[in-house]
Structure formats: structure tokens, C-alpha cells
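Participant: Before we start, here is the structure in question, set down as C-alpha cells.
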Amino acid sequence: MVSIWLQCVIGALAAVGFICILKAVYDIIFTGYYRAAGRSELFLYGCGSDPKTEQLLNTAEQVRRLYLPGLSIIFVENGDADPERFNYAKSIAERRDMEYIE
């Protein structure tokens, strides 16, 4: 015979597990549909020769890969890029199917 406290603990754990299963099913049914069919554009403005731009574009690419496969990423140069320095935005845009606008 199992004590009442042990039954409460087992019941609480079962309820938590059932809620987790329901949430996973909800995510698959409802959020997966929009992820697959949605199209959107992300405009990023900045200086292409700034090293922080590389991290920004890599993060945007990761968001596209994980959550929004139909996302178009467009980097717009704000005019502060030094032509003598390496342009991170232009290089990444060429490699990762992004659009680069000067």
C-alpha cells in the first residue's frame, strides 16, 4: 500500500509530464505551420566594416535557419564603411544568400 504523500508526488509528476507532452504537440501543430509557410524580410542597417557586423549577420542567419526558413536578410550600408578596411557584411552576404545594399 502506497502512502498518500507518495501518491501526491507521483500524481504531480504525472501531471507535469502530461502538460509537457501537450505543449510539445501544440508547438508541432501550431508553430510549425507558420514557420514553414511564412515569408518575411529583415533589414539590418550598419557599417559593413565594423567587426560587430559579422556577429550580427551570423545571428540573423541562425534565426533564419532555426525559426524562419523563408526569411530574407538584407543588409543596408549606412555610409560609414571605410573602403580601405575589410567589409564583413559584403563577404558574409555573398556566402550566405543575403542581400547587400551599398
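Chain labels follow the order of the C-alpha cells: the first chain is A, the next B, and so on; residue numbering restarts at 1 in every chain, and ligands are counted from 1 in their shown order.
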Which neighbours of A:Cys47 fall inside 12 Å, counting only C-alpha atoms, when residues of the same chain fewer than 2 positions from it are skipped, and could you give them as a CSV table (one decimal) with C-alpha atoms, in the first residue's frame?
Facilitator:
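Generated output (result-v9.csv):
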```
chain,number,residue,atom,x,y,z
A,44,LEU,CA,19.8,45.4,-41.0
A,45,TYR,CA,21.4,48.8,-41.1
A,49,SER,CA,33.5,47.2,-42.0
A,50,ASP,CA,32.7,47.0,-38.2
A,51,PRO,CA,33.7,43.6,-36.7
A,52,LYS,CA,30.4,43.5,-34.7
A,53,THR,CA,28.6,43.3,-38.0
A,54,GLU,CA,29.9,39.7,-38.5
A,56,LEU,CA,25.0,40.4,-36.1
A,57,LEU,CA,24.8,38.7,-39.5
A,75,PHE,CA,22.0,44.4,-45.0
A,76,VAL,CA,21.9,48.1,-45.9
A,77,GLU,CA,25.2,50.0,-45.6
A,78,ASN,CA,24.7,53.3,-43.7
A,79,GLY,CA,27.6,55.0,-45.5
A,80,ASP,CA,30.2,54.8,-42.7
A,81,ALA,CA,32.1,51.9,-44.2
A,82,ASP,CA,35.8,52.7,-44.8
A,83,PRO,CA,36.7,51.4,-48.4
A,85,ARG,CA,39.0,48.2,-44.5
A,86,PHE,CA,37.7,44.6,-44.9
A,87,ASN,CA,33.9,44.7,-45.4
A,88,TYR,CA,32.4,41.9,-43.2
A,89,ALA,CA,28.8,42.4,-44.4
A,90,LYS,CA,29.6,42.1,-48.1
A,100,TYR,CA,23.9,43.6,-49.6
A,101,ILE,CA,22.9,47.2,-50.5
A,102,GLU,CA,25.5,49.9,-50.5
```
Participant: May I have the residues within 6 Å of stretch 62-74 of chain A as a ChimeraX atom specification, using only C-alpha atoms and disregarding those fewer than 3 positions away in the same chain?
Facilitator: /A:35,39-43,59,98-100
Participant: Run DSSP on the backbone and give me the residues of chain A it puts in strand (DSSP E), as a ChimeraX atom specification.
Facilitator: /A:40-46,71-77,99-101
Participant: Any chance you can output those residues with C-alpha atoms as a short mmCIF file (atom, residue, chain, number, x, y, z; two decimals), in the first residue's frame?
Facilitator:
```
data_model
loop_
_atom_site.label_atom_id
_atom_site.label_comp_id
_atom_site.auth_asym_id
_atom_site.auth_seq_id
_atom_site.Cartn_x
_atom_site.Cartn_y
_atom_site.Cartn_z
CA SER A 40 9.38 37.89 -44.14
CA GLU A 41 12.24 40.31 -44.66
CA LEU A 42 14.76 41.53 -42.13
CA PHE A 43 16.52 44.81 -42.88
CA LEU A 44 19.75 45.42 -40.98
CA TYR A 45 21.43 48.82 -41.14
CA GLY A 46 25.04 49.37 -40.14
CA LEU A 71 13.37 34.93 -44.02
CA SER A 72 15.15 37.25 -46.46
CA ILE A 73 18.05 39.08 -44.80
CA ILE A 74 19.00 42.42 -46.33
CA PHE A 75 21.97 44.42 -45.03
CA VAL A 76 21.94 48.12 -45.90
CA GLU A 77 25.22 50.00 -45.63
CA GLU A 99 21.38 40.76 -49.98
CA TYR A 100 23.89 43.59 -49.55
CA ILE A 101 22.93 47.15 -50.47
#
```
Participant: Looking only at the backbone, which of the residues in chain A does DSSP tag as alpha helix (DSSP H), as a ChimeraX atom specification?
Facilitator: /A:4-26,32-37,51-66,88-95
Participant: For atom CA of A:Gln7 and atom CA of A:Lys23, quote the distance in Å rounded to one decimal.
Facilitator: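 According to the coordinates, atom CA of A:Gln7 and atom CA of A:Lys23 are separated by 24.3 Å.
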